[in-house]
2 protein chains.
Amino acid sequence: MAIHKLCPKFEAAMELLGKRWVGLIVRALMDGPMRFKDVAETIPNVSGRMLAERFKELEAAGVLVRNVYPDTPVRIEYELTEKGRSLAPVMDAVQQWANRWN
Amino acid sequence: MAIHKLCPKFEAAMELLGKRWVGLIVRALMDGPMRFKDVAETIPNVSGRMLAERFKELEAAGVLVRNVYPDTPVRIEYELTEKGRSLAPVMDAVQQWANRWN
């Protein structure tokens with residue numbers, strides 16, 4: 001069979017999505033904006049520091065935004081961008097596969 | 001909003017799919033059985049040792065099988081199982097997202 005290089009766009013996407021916790025963070029935020037602490041509670045066995053690093057990477061990648069509301073005390077929420085929300089079909093496909101095989 | 005724990009099946013699936021190179025290996029094998037060397041050629045910047053470790057994990061997870069053909073010299077090919085092939089919708093969803101956003 002022909003040997004071909006993988007699509008570089010696919011590679012770049014997997015490089016991001018393949019990072020630990022990324023799928024779980026995106027999945028959690030699909031339901032709407034959340035505070036950091038509340039996302040952390042849905043994800044088992046990860047340190048706040050690791051999770052904060054992933055949030056920064058996802059923000060840099062344009063997948064989520066950090067919204068700061070000037071309440072007292074200040075309220076900070078994370079929200080998926082359109083780019084992040086459009087990962088829904090990926091998350092759904094993973095869930096369907098997981099339901100079938102796990 | 002309600003805080004809920006993520007689905008443990010989704011978690012387990014992401015734990016596997018979220019490992020580095022897994023998406024690229026599965027994607028490469030979607031076209032049919034391949035020798036280790038030929039998969040390795042489609043994936044940039046990964047050592048043979050790292051890749052071999054991932055192959056073992058994917059074999060243990062039932063995603064691929066290792067077929068040994070008693071030719072001279074012996075021929076070894078890796079092939080997706082039904083479980084592995086049924087990742088096609090996940091791979092397609094990632095590709096579509098990648099095309100749109102990268």
# chains A, B, ... in the order shown; residues from 1 in each chain; ligands from 1
>>> calpha_fit_and_write(fixed="chain B", moving="chain A", output="compact mmCIF listing (two decimals) with C-alpha atoms, in the first residue's frame")
# COMPACT_ATOMS: atom_id res chain seq x y z
CA MET A 1 -25.11 25.27 36.89
CA ALA A 2 -25.02 21.70 38.11
CA ILE A 3 -21.60 20.23 38.78
CA HIS A 4 -21.37 16.65 37.62
CA LYS A 5 -18.66 14.06 37.43
CA LEU A 6 -17.62 13.17 33.92
CA CYS A 7 -18.68 9.83 32.52
CA PRO A 8 -16.06 7.24 33.57
CA LYS A 9 -16.27 5.58 30.13
CA PHE A 10 -15.42 8.89 28.47
CA GLU A 11 -12.55 9.33 30.91
CA ALA A 12 -11.17 5.87 30.15
CA ALA A 13 -11.42 6.47 26.39
CA MET A 14 -9.67 9.85 26.65
CA GLU A 15 -7.00 8.29 28.85
CA LEU A 16 -6.14 6.00 25.93
CA LEU A 17 -6.79 8.33 23.00
CA GLY A 18 -5.13 11.24 24.78
CA LYS A 19 -1.77 9.50 24.84
CA ARG A 20 0.77 10.99 22.52
CA TRP A 21 0.99 9.34 19.07
CA VAL A 22 -2.09 7.18 19.63
CA GLY A 23 -4.25 9.25 17.27
CA LEU A 24 -1.54 9.25 14.63
CA ILE A 25 -0.99 5.49 14.86
CA VAL A 26 -4.71 4.72 14.64
CA ARG A 27 -5.13 7.15 11.77
CA ALA A 28 -2.24 5.61 9.84
CA LEU A 29 -3.66 2.09 10.27
CA MET A 30 -7.16 3.14 9.10
CA ASP A 31 -5.92 2.59 5.55
CA GLY A 32 -5.11 -1.06 6.24
CA PRO A 33 -2.45 -3.26 7.86
CA MET A 34 1.07 -1.84 7.94
CA ARG A 35 4.52 -2.83 9.03
CA PHE A 36 5.91 -1.05 12.08
CA LYS A 37 8.55 0.70 10.00
CA ASP A 38 5.94 2.11 7.61
CA VAL A 39 3.78 3.48 10.42
CA ALA A 40 6.89 5.04 11.96
CA GLU A 41 7.66 6.78 8.67
CA THR A 42 4.32 8.60 8.69
CA ILE A 43 4.81 9.94 12.21
CA PRO A 44 7.37 12.69 12.64
CA ASN A 45 9.69 13.15 15.60
CA VAL A 46 9.06 10.00 17.56
CA SER A 47 11.61 7.36 18.53
CA GLY A 48 11.03 3.76 17.52
CA ARG A 49 11.11 2.84 21.19
CA MET A 50 8.32 5.24 22.13
CA LEU A 51 6.25 4.10 19.19
CA ALA A 52 6.76 0.43 20.07
CA GLU A 53 5.52 1.14 23.59
CA ARG A 54 2.34 2.71 22.21
CA PHE A 55 1.81 -0.25 19.90
CA LYS A 56 1.96 -2.55 22.92
CA GLU A 57 -0.54 -0.40 24.80
CA LEU A 58 -2.90 -0.35 21.83
CA GLU A 59 -2.58 -4.11 21.46
CA ALA A 60 -3.35 -4.55 25.18
CA ALA A 61 -6.36 -2.25 24.78
CA GLY A 62 -7.66 -4.39 21.92
CA VAL A 63 -7.33 -1.58 19.38
CA LEU A 64 -4.82 -3.34 17.15
CA VAL A 65 -3.40 -6.81 16.59
CA ARG A 66 0.06 -7.94 15.60
CA ASN A 67 0.00 -10.44 12.76
CA VAL A 68 3.05 -12.59 12.15
CA TYR A 69 3.34 -14.16 8.69
CA PRO A 70 5.83 -17.05 8.35
CA ASP A 71 7.44 -15.71 5.19
CA THR A 72 11.18 -15.61 4.71
CA PRO A 73 12.09 -13.23 6.19
CA VAL A 74 9.23 -13.27 8.65
CA ARG A 75 6.72 -10.49 8.01
CA ILE A 76 4.99 -8.68 10.87
CA GLU A 77 2.05 -6.37 10.29
CA TYR A 78 -0.18 -4.39 12.57
CA GLU A 79 -3.88 -4.22 11.93
CA LEU A 80 -6.77 -2.43 13.61
CA THR A 81 -9.36 -4.65 15.28
CA GLU A 82 -13.08 -3.86 14.98
CA LYS A 83 -12.65 -1.76 18.13
CA GLY A 84 -9.84 0.14 16.45
CA ARG A 85 -11.66 0.57 13.13
CA SER A 86 -14.67 1.93 14.98
CA LEU A 87 -12.52 4.91 15.96
CA ALA A 88 -13.01 6.17 12.39
CA PRO A 89 -15.76 8.67 13.39
CA VAL A 90 -13.45 10.09 16.06
CA MET A 91 -10.61 10.47 13.56
CA ASP A 92 -12.98 12.03 11.02
CA ALA A 93 -14.34 14.50 13.56
CA VAL A 94 -10.79 15.53 14.50
CA GLN A 95 -9.89 15.96 10.82
CA GLN A 96 -12.92 18.13 10.15
CA TRP A 97 -12.20 20.31 13.15
CA ALA A 98 -8.54 20.55 12.10
CA ASN A 99 -9.51 21.57 8.56
CA ARG A 100 -11.77 24.31 9.86
CA TRP A 101 -9.50 25.82 12.47
CA ASN A 102 -5.88 25.28 11.52
>>> select_by_dssp(residues="chain B", states="helix (DSSP H, G or I)", output="ChimeraX atom specification")
/B:8-17,22-29,36-42,48-60,82-85,88-101
>>> select_by_dssp(residues="chain B", states="strand (DSSP E or B)", output="ChimeraX atom specification")
/B:34,64-69,75-80
